[in-house]
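Below: one structure, written as structure tokens.
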Amino acid sequence: TITGNFANVIHGLNANHLTDQVIGRSKRMILDTLGVGLLGTGTEVCQKVTQYSKIYSSDLSSTIWGHLDFRLPPLYAAFVNGVAVHSMDFDDTWHPATHPSGAVLPAVIALTEAFPQKKKFSGLDLLLAFSVGIEVQGRLLRFSSEARNIPKRFHPPTVVGTMGSAAACAKLLALDQPKCKNALAIAASYAGAPLANAATQTKPLHIGNAAKHGLEAACLASLGLQGNKQILDMESGIGAFYTDYNPQTLPTLQSYPWLLDQQDVAIKRFPAHLGTHWVADAASSVRRKLVERSDNLLPLDKIEKVILKVPEVKYVNRPSPNSEHEARHSFQFVACSALLDGTMSVHSFTSENVHRPALQELLCKTQLEHPPDNTPSFESLYCEVNVVLRDGNTVSDRCDTFYGHWRKPLKKEDLEKKFQSNASSILPPEITESIIETVYNLEKLDDCSVL
């Protein structure tokens with residue numbers, strides 16, 4: 001069965017299967033995820049779920065990122081840290097669309113800290129489990145052609161992320177093949193969340209729940225809890241989420257071809273829906289052209305209208321965002337912010353910036369167009385920004401690949417700058433630098449609890 005095949009691969013993959021590129025890309029993803037998670041601990045939504053989770057206690061405990069004052073049972077540590085990772089929509093994105101790292105890393109780190117037996121996990125153990133969790137997500141996404149487009153009905157990390165978390169934790173717990181099957185089956189019954197909660201404080205819970213539920217599924221499977229042994233084969237299994245579900249067996253373990261070897265992830269330069277990053281780069285370029293013509297000042301009073309040519313993605317079409325979460329899911333907001341400021345950052349989404357008069361004025365002049373060739377896929381979409389001036393002239397630019405996309409990945413120094421900027425809001429500089437060094441040398445660590 002497909003499910004048995006997946007269980008065989010999860011159980012059978014070992015550190016010798018890892019390639020230098022998979023290890024290198026995994027380290028980049030781990031570093032970036034830790035940074036956005038640390039930054040996210042200061043958000044209102046993360047503070048709320050942290051307060052909620054304090055009602056739980058256990059003899060087993062794991063670290064809450066950025067907190068020295070208390071710890072939580074591993075399930076709730078995974079939940080809170082997962083929420084922190086996605087609390088600002090700043091975490092990595094893959095194709096077909098999902099946020100792969102945030103569902104896996106909080107779960108495996110929590111598990112390594114709270115393992116009930118006297119076993120130390122090495123950095124290579126952590127890297128292998130993380131890579132297995134990413135691999136399972138990518139393989140499941142390729143079982144559906146509709147998954148290749150930006151989603152319309154449910155948030156993908158709540159489905160494939162939960163399965164990936166379960167696979168990673170099953171790997172770390174060294175579950176046998178039958179228990180790996182059960183871990184996937186149990187995880188499937190935790191999977192899914194409607195996309196209607198995008199652009200709200202509830203959306204970050206999707207990543208927290210994926211991390212928590214995958215860990216819980218693996219723990220329950222380790223105790224012998226059973227589920228459907230063909231969960232990946234059936235339309236009423238994971239196929240329930242996709243109308244064109246077509247599962248395939250995985251490659252053999254000999255010279256296993258990792259998906260992360262074949263395609264990198266996108267790492268964001270500012271905290272917003274990935275689709276808006278094309279808009280930001282195009283709008284920033286248009287601004288440079290405008291100020292060159294107007295003595296280095298943006299001629300706001302001379303702008304008649306702003307036309308954005310983007311794919312049709314309903315939940316990122318928000319003409320009048322009223323909160324930071326809505327602004328992060330608004331083509332219009334990001335375009336207007338980039339036109340006004342020339343760049344986007346964490347601070348672009350503060351309440352003060354969201355509601356400033358100049359931005360509101362520009363939003364009123366902005367409209368979307370959806371060219372038929374602009375498909376809603378992170379692999380192929382583009383953005384064109386056209387600023388029509390009152391004198392009849394139009395200033396335009398188009399972005400086909402933004403900096404940070406897997407076709408144009410962040411340079412090592414820019415990834416480190418992002419991590420340093422994010423982590424420095426929580427940790428002192430010497431600790432921040434120590435984390436970078438630790439992540440870069442993970443495969444050499446005998447005990448990954450150092451991380």
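Scheme for the structure tokens: letters A, B, ... for chains in order shown; per-chain residue numbers from 1; ligand numbers from 1 in order shown.
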Name the residues in contact with A:Lys229 at a cut-off of 12 Å, using only C-alpha atoms, excluding same-chain residues fewer than 5 positions from it; report them as a ChimeraX atom specification.
/A:1-7,177-186,188,234,237
Keeping only all heavy atoms, write those residues as a compact mmCIF listing (two decimals), in the first residue's frame.
```
# COMPACT_ATOMS: atom_id res chain seq x y z
N THR A 1 0.84 -1.19 0.00
CA THR A 1 0.00 0.00 0.00
C THR A 1 0.88 1.24 0.00
O THR A 1 2.05 1.20 0.37
CB THR A 1 -0.89 0.05 1.26
OG1 THR A 1 -0.03 0.15 2.42
CG2 THR A 1 -1.74 -1.21 1.37
N ILE A 2 0.28 2.37 -0.39
CA ILE A 2 0.99 3.66 -0.34
C ILE A 2 1.38 3.96 1.11
O ILE A 2 2.50 4.41 1.38
CB ILE A 2 0.11 4.79 -0.90
CG1 ILE A 2 -0.30 4.49 -2.37
CG2 ILE A 2 0.83 6.12 -0.81
CD1 ILE A 2 0.84 4.45 -3.34
N THR A 3 0.45 3.73 2.02
CA THR A 3 0.72 4.00 3.44
C THR A 3 1.89 3.16 3.94
O THR A 3 2.79 3.66 4.63
CB THR A 3 -0.53 3.73 4.28
OG1 THR A 3 -1.66 4.38 3.69
CG2 THR A 3 -0.35 4.24 5.71
N GLY A 4 1.89 1.88 3.58
CA GLY A 4 2.99 1.01 3.97
C GLY A 4 4.30 1.45 3.36
O GLY A 4 5.36 1.39 4.00
N ASN A 5 4.23 1.92 2.12
CA ASN A 5 5.42 2.42 1.44
C ASN A 5 5.99 3.64 2.17
O ASN A 5 7.21 3.75 2.39
CB ASN A 5 5.07 2.75 -0.01
CG ASN A 5 6.18 3.47 -0.73
OD1 ASN A 5 6.02 4.62 -1.11
ND2 ASN A 5 7.31 2.80 -0.94
N PHE A 6 5.12 4.57 2.55
CA PHE A 6 5.56 5.75 3.30
C PHE A 6 6.18 5.33 4.63
O PHE A 6 7.23 5.84 5.04
CB PHE A 6 4.38 6.70 3.55
CG PHE A 6 4.25 7.79 2.53
CD1 PHE A 6 3.91 7.49 1.21
CD2 PHE A 6 4.46 9.11 2.88
CE1 PHE A 6 3.79 8.49 0.26
CE2 PHE A 6 4.33 10.13 1.93
CZ PHE A 6 4.00 9.82 0.63
N ALA A 7 5.51 4.41 5.33
CA ALA A 7 6.03 3.95 6.61
C ALA A 7 7.41 3.32 6.44
O ALA A 7 8.31 3.52 7.26
CB ALA A 7 5.07 2.94 7.25
N GLN A 177 7.85 0.13 11.48
CA GLN A 177 6.96 0.42 10.34
C GLN A 177 5.48 0.40 10.71
O GLN A 177 4.74 1.32 10.31
CB GLN A 177 7.26 -0.56 9.21
CG GLN A 177 8.63 -0.32 8.59
CD GLN A 177 9.10 -1.52 7.80
OE1 GLN A 177 9.20 -2.63 8.34
NE2 GLN A 177 9.42 -1.32 6.54
N PRO A 178 4.97 -0.60 11.45
CA PRO A 178 3.56 -0.55 11.82
C PRO A 178 3.20 0.71 12.62
O PRO A 178 2.13 1.30 12.41
CB PRO A 178 3.37 -1.82 12.66
CG PRO A 178 4.43 -2.74 12.19
CD PRO A 178 5.60 -1.87 11.89
N LYS A 179 4.08 1.12 13.50
CA LYS A 179 3.78 2.31 14.30
C LYS A 179 3.90 3.59 13.47
O LYS A 179 3.19 4.57 13.73
CB LYS A 179 4.69 2.35 15.53
CG LYS A 179 4.31 1.30 16.58
CD LYS A 179 5.18 1.38 17.82
CE LYS A 179 4.70 0.36 18.86
NZ LYS A 179 5.56 0.36 20.07
N CYS A 180 4.77 3.60 12.47
CA CYS A 180 4.82 4.74 11.56
C CYS A 180 3.51 4.88 10.79
O CYS A 180 2.99 5.98 10.58
CB CYS A 180 5.99 4.59 10.58
SG CYS A 180 7.61 4.91 11.29
N LYS A 181 2.96 3.72 10.35
CA LYS A 181 1.64 3.75 9.69
C LYS A 181 0.59 4.35 10.62
O LYS A 181 -0.21 5.20 10.22
CB LYS A 181 1.20 2.33 9.33
CG LYS A 181 1.87 1.70 8.15
CD LYS A 181 1.18 0.35 7.87
CE LYS A 181 1.96 -0.51 6.91
NZ LYS A 181 1.31 -1.81 6.69
N ASN A 182 0.59 3.90 11.86
CA ASN A 182 -0.41 4.40 12.82
C ASN A 182 -0.21 5.88 13.12
O ASN A 182 -1.19 6.61 13.29
CB ASN A 182 -0.35 3.57 14.10
CG ASN A 182 -0.95 2.18 13.92
OD1 ASN A 182 -1.91 2.02 13.17
ND2 ASN A 182 -0.38 1.18 14.58
N ALA A 183 1.04 6.32 13.18
CA ALA A 183 1.29 7.75 13.42
C ALA A 183 0.67 8.58 12.30
O ALA A 183 0.04 9.62 12.55
CB ALA A 183 2.79 8.01 13.52
N LEU A 184 0.84 8.15 11.05
CA LEU A 184 0.24 8.87 9.92
C LEU A 184 -1.28 8.83 9.98
O LEU A 184 -1.96 9.83 9.71
CB LEU A 184 0.74 8.28 8.61
CG LEU A 184 2.24 8.45 8.30
CD1 LEU A 184 2.63 7.65 7.07
CD2 LEU A 184 2.60 9.93 8.12
N ALA A 185 -1.82 7.66 10.33
CA ALA A 185 -3.28 7.52 10.40
C ALA A 185 -3.87 8.40 11.49
O ALA A 185 -4.90 9.07 11.29
CB ALA A 185 -3.65 6.05 10.65
N ILE A 186 -3.23 8.41 12.65
CA ILE A 186 -3.73 9.25 13.75
C ILE A 186 -3.63 10.72 13.37
O ILE A 186 -4.57 11.50 13.57
CB ILE A 186 -2.93 8.97 15.04
CG1 ILE A 186 -3.13 7.51 15.48
CG2 ILE A 186 -3.36 9.91 16.16
CD1 ILE A 186 -2.10 7.05 16.50
N ALA A 188 -3.78 12.08 10.50
CA ALA A 188 -4.78 12.46 9.49
C ALA A 188 -6.09 12.88 10.13
O ALA A 188 -6.82 13.72 9.59
CB ALA A 188 -5.01 11.30 8.53
N MET A 234 -6.49 6.01 0.45
CA MET A 234 -7.93 6.10 0.28
C MET A 234 -8.44 7.52 0.04
O MET A 234 -7.91 8.48 0.59
CB MET A 234 -8.62 5.52 1.54
CG MET A 234 -8.21 4.08 1.86
SD MET A 234 -8.81 3.54 3.47
CE MET A 234 -10.59 3.56 3.18
N GLY A 237 -9.30 8.96 3.13
CA GLY A 237 -8.18 9.26 4.00
C GLY A 237 -7.69 10.67 3.70
O GLY A 237 -8.47 11.63 3.69
```
Any idea what's packed within 7 Å of A:Arg390, counting only C-alpha atoms, ignoring anything in its chain fewer than 6 positions away? Could you give it as a VMD selection string?
chain A and resid 302 to 304
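By chain and then residue number, the residues within 6 Å of stretch 192-196 of chain A are Arg153, Phe154, His155, Thr158 and Val159 of chain A, counting only C-alpha atoms and disregarding those fewer than 6 positions away in sequence.
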Those of stretch 34-130 of chain A in DSSP strand (DSSP E), formatted as a tab-separated table (two decimals) with all heavy atoms, in the first residue's frame:
```
chain	number	residue	atom	x	y	z
A	62	SER	N	9.48	21.16	28.07
A	62	SER	CA	10.31	21.64	26.97
A	62	SER	C	10.34	23.16	27.00
A	62	SER	O	9.46	23.81	27.57
A	62	SER	CB	9.75	21.16	25.62
A	62	SER	OG	9.62	19.74	25.61
A	63	THR	N	11.35	23.71	26.34
A	63	THR	CA	11.56	25.16	26.34
A	63	THR	C	10.50	25.88	25.52
A	63	THR	O	10.12	25.43	24.44
A	63	THR	CB	12.94	25.47	25.74
A	63	THR	OG1	13.94	24.79	26.51
A	63	THR	CG2	13.22	26.96	25.75
A	71	ARG	N	8.54	26.57	31.56
A	71	ARG	CA	8.55	25.57	30.50
A	71	ARG	C	7.17	24.93	30.43
A	71	ARG	O	6.34	25.16	31.30
A	71	ARG	CB	9.62	24.50	30.79
A	71	ARG	CG	11.05	25.03	30.75
A	71	ARG	CD	12.00	24.10	31.47
A	71	ARG	NE	12.15	22.82	30.79
A	71	ARG	CZ	13.12	22.53	29.92
A	71	ARG	NH1	14.02	23.44	29.61
A	71	ARG	NH2	13.19	21.33	29.37
A	72	LEU	N	6.93	24.16	29.37
A	72	LEU	CA	5.64	23.52	29.18
A	72	LEU	C	5.84	22.05	28.80
A	72	LEU	O	6.92	21.67	28.32
A	72	LEU	CB	4.85	24.21	28.07
A	72	LEU	CG	4.21	25.56	28.40
A	72	LEU	CD1	3.61	26.16	27.14
A	72	LEU	CD2	3.14	25.42	29.48
```
Please return, as a compact mmCIF listing (two decimals) with N, CA and C atoms, in the first residue's frame, all residues of stretch 134-351 of chain A that DSSP assigns to alpha helix (DSSP H) on the basis of the backbone.
```txt
# COMPACT_ATOMS: atom_id res chain seq x y z
N ILE A 134 9.93 17.31 6.33
CA ILE A 134 9.79 18.17 5.14
C ILE A 134 9.48 17.31 3.92
N GLU A 135 10.19 16.19 3.78
CA GLU A 135 10.02 15.29 2.63
C GLU A 135 8.59 14.76 2.53
N VAL A 136 8.03 14.31 3.62
CA VAL A 136 6.67 13.77 3.62
C VAL A 136 5.67 14.83 3.16
N GLN A 137 5.84 16.06 3.62
CA GLN A 137 4.94 17.13 3.18
C GLN A 137 5.02 17.33 1.66
N GLY A 138 6.25 17.40 1.14
CA GLY A 138 6.42 17.63 -0.28
C GLY A 138 5.85 16.51 -1.13
N ARG A 139 6.04 15.27 -0.69
CA ARG A 139 5.52 14.14 -1.45
C ARG A 139 3.99 14.14 -1.47
N LEU A 140 3.37 14.41 -0.32
CA LEU A 140 1.90 14.44 -0.25
C LEU A 140 1.34 15.54 -1.15
N LEU A 141 2.00 16.69 -1.18
CA LEU A 141 1.51 17.80 -2.01
C LEU A 141 1.57 17.45 -3.50
N VAL A 160 -0.82 18.74 5.34
CA VAL A 160 0.48 18.10 5.12
C VAL A 160 1.46 18.42 6.25
N GLY A 161 1.31 19.58 6.90
CA GLY A 161 2.18 19.92 8.02
C GLY A 161 1.98 18.99 9.20
N THR A 162 0.73 18.65 9.47
CA THR A 162 0.43 17.71 10.55
C THR A 162 1.02 16.34 10.24
N MET A 163 0.91 15.91 8.99
CA MET A 163 1.48 14.62 8.59
C MET A 163 3.01 14.66 8.66
N GLY A 164 3.60 15.77 8.23
CA GLY A 164 5.05 15.89 8.28
C GLY A 164 5.58 15.91 9.70
N SER A 165 4.87 16.60 10.59
CA SER A 165 5.24 16.62 12.01
C SER A 165 5.19 15.21 12.59
N ALA A 166 4.14 14.47 12.27
CA ALA A 166 4.02 13.09 12.76
C ALA A 166 5.16 12.22 12.24
N ALA A 167 5.49 12.38 10.95
CA ALA A 167 6.57 11.59 10.37
C ALA A 167 7.90 11.92 11.02
N ALA A 168 8.17 13.21 11.24
CA ALA A 168 9.43 13.62 11.86
C ALA A 168 9.55 13.08 13.27
N CYS A 169 8.46 13.18 14.03
CA CYS A 169 8.49 12.69 15.42
C CYS A 169 8.58 11.16 15.46
N ALA A 170 7.92 10.50 14.52
CA ALA A 170 8.03 9.04 14.44
C ALA A 170 9.47 8.63 14.14
N LYS A 171 10.13 9.40 13.28
CA LYS A 171 11.53 9.12 12.96
C LYS A 171 12.40 9.31 14.20
N LEU A 172 12.20 10.41 14.92
CA LEU A 172 13.00 10.70 16.09
C LEU A 172 12.80 9.66 17.19
N GLN A 177 7.85 0.13 11.48
CA GLN A 177 6.96 0.42 10.34
C GLN A 177 5.48 0.40 10.71
N PRO A 178 4.97 -0.60 11.45
CA PRO A 178 3.56 -0.55 11.82
C PRO A 178 3.20 0.71 12.62
N LYS A 179 4.08 1.12 13.50
CA LYS A 179 3.78 2.31 14.30
C LYS A 179 3.90 3.59 13.47
N CYS A 180 4.77 3.60 12.47
CA CYS A 180 4.82 4.74 11.56
C CYS A 180 3.51 4.88 10.79
N LYS A 181 2.96 3.72 10.35
CA LYS A 181 1.64 3.75 9.69
C LYS A 181 0.59 4.35 10.62
N ASN A 182 0.59 3.90 11.86
CA ASN A 182 -0.41 4.40 12.82
C ASN A 182 -0.21 5.88 13.12
N ALA A 183 1.04 6.32 13.18
CA ALA A 183 1.29 7.75 13.42
C ALA A 183 0.67 8.58 12.30
N LEU A 184 0.84 8.15 11.05
CA LEU A 184 0.24 8.87 9.92
C LEU A 184 -1.28 8.83 9.98
N ALA A 185 -1.82 7.66 10.33
CA ALA A 185 -3.28 7.52 10.40
C ALA A 185 -3.87 8.40 11.49
N ILE A 186 -3.23 8.41 12.65
CA ILE A 186 -3.73 9.25 13.75
C ILE A 186 -3.63 10.72 13.37
N ALA A 187 -2.50 11.10 12.77
CA ALA A 187 -2.31 12.51 12.38
C ALA A 187 -3.37 12.97 11.40
N ALA A 188 -3.78 12.08 10.50
CA ALA A 188 -4.78 12.46 9.49
C ALA A 188 -6.09 12.88 10.13
N LYS A 203 -5.12 32.20 12.35
CA LYS A 203 -4.29 31.52 11.35
C LYS A 203 -2.98 30.96 11.94
N PRO A 204 -2.26 31.69 12.80
CA PRO A 204 -1.04 31.12 13.38
C PRO A 204 -1.28 29.84 14.18
N LEU A 205 -2.50 29.65 14.70
CA LEU A 205 -2.81 28.42 15.42
C LEU A 205 -2.71 27.20 14.50
N HIS A 206 -2.87 27.42 13.20
CA HIS A 206 -2.79 26.31 12.24
C HIS A 206 -1.42 25.64 12.31
N ILE A 207 -0.36 26.45 12.38
CA ILE A 207 0.99 25.89 12.45
C ILE A 207 1.24 25.28 13.83
N GLY A 208 0.80 25.97 14.88
CA GLY A 208 0.95 25.43 16.23
C GLY A 208 0.26 24.09 16.39
N ASN A 209 -0.94 23.99 15.85
CA ASN A 209 -1.69 22.72 15.94
C ASN A 209 -1.04 21.62 15.10
N ALA A 210 -0.49 21.98 13.93
CA ALA A 210 0.18 20.97 13.10
C ALA A 210 1.37 20.38 13.85
N ALA A 211 2.16 21.23 14.51
CA ALA A 211 3.31 20.76 15.28
C ALA A 211 2.84 19.89 16.45
N LYS A 212 1.87 20.39 17.19
CA LYS A 212 1.38 19.69 18.38
C LYS A 212 0.72 18.36 18.01
N HIS A 213 -0.16 18.39 17.01
CA HIS A 213 -0.91 17.18 16.67
C HIS A 213 -0.02 16.10 16.06
N GLY A 214 0.97 16.51 15.27
CA GLY A 214 1.90 15.51 14.73
C GLY A 214 2.69 14.83 15.84
N LEU A 215 3.15 15.64 16.81
CA LEU A 215 3.86 15.07 17.95
C LEU A 215 2.96 14.16 18.76
N GLU A 216 1.73 14.59 18.96
CA GLU A 216 0.78 13.77 19.72
C GLU A 216 0.49 12.45 19.00
N ALA A 217 0.34 12.52 17.67
CA ALA A 217 0.07 11.31 16.89
C ALA A 217 1.20 10.30 17.03
N ALA A 218 2.44 10.80 16.95
CA ALA A 218 3.59 9.89 17.07
C ALA A 218 3.68 9.29 18.47
N CYS A 219 3.39 10.11 19.48
CA CYS A 219 3.43 9.60 20.86
C CYS A 219 2.35 8.54 21.09
N LEU A 220 1.16 8.78 20.56
CA LEU A 220 0.08 7.80 20.71
C LEU A 220 0.40 6.52 19.95
N ALA A 221 0.97 6.66 18.76
CA ALA A 221 1.35 5.48 17.99
C ALA A 221 2.43 4.67 18.72
N SER A 222 3.33 5.37 19.40
CA SER A 222 4.39 4.67 20.12
C SER A 222 3.82 3.83 21.25
N LEU A 259 13.24 15.65 -2.16
CA LEU A 259 12.63 16.79 -2.85
C LEU A 259 13.36 18.08 -2.52
N LEU A 260 13.86 18.21 -1.29
CA LEU A 260 14.57 19.42 -0.91
C LEU A 260 15.88 19.56 -1.68
N ASP A 261 16.40 18.44 -2.19
CA ASP A 261 17.56 18.49 -3.08
C ASP A 261 17.19 19.11 -4.42
N GLN A 262 15.94 18.87 -4.83
CA GLN A 262 15.51 19.31 -6.16
C GLN A 262 14.98 20.74 -6.17
N GLY A 275 2.66 35.78 -1.86
CA GLY A 275 2.27 36.42 -3.10
C GLY A 275 2.54 37.91 -3.13
N THR A 276 2.52 38.54 -1.96
CA THR A 276 2.74 39.99 -1.91
C THR A 276 4.21 40.36 -2.14
N HIS A 277 5.12 39.39 -2.10
CA HIS A 277 6.54 39.72 -2.27
C HIS A 277 6.86 40.08 -3.72
N TRP A 278 6.13 39.52 -4.67
CA TRP A 278 6.27 39.97 -6.06
C TRP A 278 5.81 41.43 -6.17
N VAL A 279 4.70 41.73 -5.52
CA VAL A 279 4.13 43.08 -5.57
C VAL A 279 5.11 44.08 -4.98
N ALA A 280 5.72 43.74 -3.85
CA ALA A 280 6.64 44.65 -3.18
C ALA A 280 7.83 45.00 -4.06
N ASP A 281 8.42 43.98 -4.70
CA ASP A 281 9.59 44.25 -5.54
C ASP A 281 9.23 45.11 -6.74
N ALA A 282 8.09 44.82 -7.37
CA ALA A 282 7.67 45.62 -8.52
C ALA A 282 7.34 47.05 -8.11
N ALA A 283 6.63 47.22 -7.00
CA ALA A 283 6.25 48.57 -6.54
C ALA A 283 7.47 49.37 -6.11
N SER A 284 8.44 48.73 -5.48
CA SER A 284 9.67 49.44 -5.09
C SER A 284 10.42 49.95 -6.31
N SER A 285 10.43 49.13 -7.36
CA SER A 285 11.09 49.53 -8.60
C SER A 285 10.36 50.71 -9.25
N VAL A 286 9.03 50.68 -9.23
CA VAL A 286 8.25 51.80 -9.78
C VAL A 286 8.51 53.07 -8.98
N ARG A 287 8.60 52.95 -7.67
CA ARG A 287 8.89 54.13 -6.85
C ARG A 287 10.22 54.77 -7.25
N ARG A 288 11.25 53.94 -7.47
CA ARG A 288 12.56 54.48 -7.86
C ARG A 288 12.46 55.28 -9.15
N LYS A 289 11.67 54.79 -10.09
CA LYS A 289 11.49 55.52 -11.35
C LYS A 289 10.73 56.83 -11.12
N LEU A 290 9.73 56.80 -10.25
CA LEU A 290 8.94 58.01 -9.98
C LEU A 290 9.75 59.10 -9.31
N VAL A 291 10.55 58.73 -8.31
CA VAL A 291 11.30 59.76 -7.59
C VAL A 291 12.43 60.32 -8.45
N GLU A 292 12.95 59.51 -9.38
CA GLU A 292 13.98 60.03 -10.29
C GLU A 292 13.43 61.16 -11.15
N GLU A 324 -3.14 44.42 11.32
CA GLU A 324 -1.87 43.93 10.80
C GLU A 324 -2.04 42.61 10.05
N HIS A 325 -2.95 41.74 10.54
CA HIS A 325 -3.14 40.44 9.90
C HIS A 325 -3.80 40.59 8.53
N GLU A 326 -4.75 41.51 8.42
CA GLU A 326 -5.35 41.77 7.11
C GLU A 326 -4.34 42.43 6.17
N ALA A 327 -3.50 43.32 6.70
CA ALA A 327 -2.50 43.99 5.87
C ALA A 327 -1.49 42.99 5.32
N PHE A 331 -2.67 42.41 -1.31
CA PHE A 331 -1.87 42.90 -2.43
C PHE A 331 -1.82 44.43 -2.41
N GLN A 332 -2.99 45.03 -2.17
CA GLN A 332 -3.10 46.48 -2.24
C GLN A 332 -2.24 47.18 -1.18
N PHE A 333 -2.30 46.67 0.05
CA PHE A 333 -1.54 47.32 1.13
C PHE A 333 -0.04 47.26 0.86
N VAL A 334 0.46 46.09 0.47
CA VAL A 334 1.90 45.95 0.25
C VAL A 334 2.35 46.82 -0.91
N ALA A 335 1.56 46.88 -1.98
CA ALA A 335 1.93 47.73 -3.11
C ALA A 335 2.01 49.19 -2.69
N CYS A 336 1.01 49.66 -1.95
CA CYS A 336 0.99 51.07 -1.56
C CYS A 336 2.08 51.38 -0.54
N SER A 337 2.34 50.47 0.37
CA SER A 337 3.41 50.67 1.35
C SER A 337 4.76 50.76 0.65
N ALA A 338 5.00 49.86 -0.30
CA ALA A 338 6.28 49.87 -1.01
C ALA A 338 6.42 51.11 -1.88
N LEU A 339 5.31 51.59 -2.44
CA LEU A 339 5.37 52.83 -3.21
C LEU A 339 5.71 54.02 -2.31
N LEU A 340 5.15 54.04 -1.12
CA LEU A 340 5.40 55.15 -0.20
C LEU A 340 6.80 55.11 0.40
N ASP A 341 7.26 53.91 0.77
CA ASP A 341 8.49 53.80 1.55
C ASP A 341 9.68 53.26 0.76
N SER A 351 0.20 49.28 13.56
CA SER A 351 -1.09 49.97 13.43
C SER A 351 -0.91 51.39 12.90
```
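Separating atom CA of A:Asp264 from atom CA of A:Trp94 is a distance of 7.6 Å.
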Which residues, written as a CSV table (one decimal) with N, CA and C atoms, in the first residue's frame, have at least one atom at most 9 Å from A:Tyr256, with only C-alpha atoms counted and residues fewer than 4 positions away on the same chain left out?
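Printed below is result20.csv as written:
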```
chain,number,residue,atom,x,y,z
A,13,LEU,N,14.9,5.5,6.2
A,13,LEU,CA,15.8,6.6,5.9
A,13,LEU,C,16.8,6.8,7.0
A,17,HIS,N,21.6,8.8,4.0
A,17,HIS,CA,20.9,9.2,2.9
A,17,HIS,C,20.9,10.7,2.7
A,18,LEU,N,21.2,11.4,3.7
A,18,LEU,CA,21.2,12.9,3.6
A,18,LEU,C,22.3,13.4,2.7
A,251,PRO,N,10.2,6.7,-4.0
A,251,PRO,CA,11.4,6.0,-4.6
A,251,PRO,C,12.0,5.0,-3.6
A,252,THR,N,12.8,4.1,-4.1
A,252,THR,CA,13.5,3.2,-3.2
A,252,THR,C,14.5,3.9,-2.3
```
Name all residues at most 7 Å from stretch 115-132 of chain A (count only C-alpha atoms; drop same-chain ones fewer than 5 positions away) and give them as an MDAnalysis selection string.
chainID A and resid 10 14:15 26 104:105 167:169 171:172 442:448
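Atom to atom, atom CA of A:His99 and atom CA of A:Gly133 stand 11.9 Å apart.
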Show which residues sit within 7 Å of A:Val265, as a ChimeraX atom specification. Count only C-alpha atoms, and ignore same-chain residues fewer than 3 positions away.
/A:92-94,406
Taken to one decimal, the atom CA of A:Phe402-atom CA of A:Met29 distance is 18.0 Å
As a ChimeraX atom specification, please: the residues near stretch 38-52 of chain A (cut-off 7 Å, only C-alpha atoms, same-chain neighbours under 2 positions excluded).
/A:34-36,54-55,65-66,80,83-85,87-88,201,422-423,425-426
Restricting the output to N, CA and C atoms, write the selected residues as a CSV table (one decimal), in the first residue's frame.
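Result went into again_36.csv, see below:
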```csv
chain,number,residue,atom,x,y,z
A,34,LEU,N,13.8,29.5,13.5
A,34,LEU,CA,14.1,30.0,14.8
A,34,LEU,C,14.0,31.5,15.0
A,35,GLY,N,14.5,32.2,14.0
A,35,GLY,CA,14.5,33.7,14.0
A,35,GLY,C,13.1,34.2,14.0
A,36,VAL,N,12.3,33.8,13.1
A,36,VAL,CA,10.9,34.3,13.0
A,36,VAL,C,10.1,33.8,14.2
A,54,LYS,N,-0.4,27.8,30.0
A,54,LYS,CA,0.1,27.7,31.3
A,54,LYS,C,-0.8,26.8,32.3
A,55,ILE,N,-2.0,26.6,31.8
A,55,ILE,CA,-2.9,25.8,32.7
A,55,ILE,C,-2.5,24.3,32.7
A,65,TRP,N,10.4,29.1,23.4
A,65,TRP,CA,11.4,30.0,22.8
A,65,TRP,C,11.3,31.4,23.4
A,66,GLY,N,12.5,31.9,23.8
A,66,GLY,CA,12.5,33.3,24.3
A,66,GLY,C,12.1,33.4,25.7
A,80,VAL,N,2.9,26.3,21.3
A,80,VAL,CA,3.2,27.7,21.4
A,80,VAL,C,4.3,28.1,20.5
A,83,VAL,N,3.0,28.4,17.0
A,83,VAL,CA,2.2,29.7,16.8
A,83,VAL,C,3.1,30.8,16.6
A,84,ALA,N,4.2,30.9,17.4
A,84,ALA,CA,5.2,32.0,17.3
A,84,ALA,C,5.8,32.0,15.9
A,85,VAL,N,6.1,30.9,15.3
A,85,VAL,CA,6.7,30.9,14.0
A,85,VAL,C,5.8,31.5,13.0
A,87,SER,N,3.1,33.5,13.6
A,87,SER,CA,2.3,34.6,14.1
A,87,SER,C,2.4,35.9,13.3
A,88,MET,N,3.4,36.0,12.5
A,88,MET,CA,3.6,37.2,11.6
A,88,MET,C,3.6,36.8,10.1
A,201,GLN,N,-6.1,36.4,13.8
A,201,GLN,CA,-5.2,35.9,14.8
A,201,GLN,C,-5.3,34.3,14.9
A,422,ASN,N,15.7,39.5,13.8
A,422,ASN,CA,14.5,38.9,14.4
A,422,ASN,C,14.9,38.5,15.9
A,423,ALA,N,16.0,37.8,16.0
A,423,ALA,CA,16.3,37.2,17.3
A,423,ALA,C,16.8,38.3,18.3
A,425,SER,N,15.5,41.0,19.1
A,425,SER,CA,14.4,41.6,19.9
A,425,SER,C,14.1,40.8,21.1
A,426,ILE,N,14.7,39.5,21.2
A,426,ILE,CA,14.4,38.6,22.3
A,426,ILE,C,15.7,38.3,23.1
```
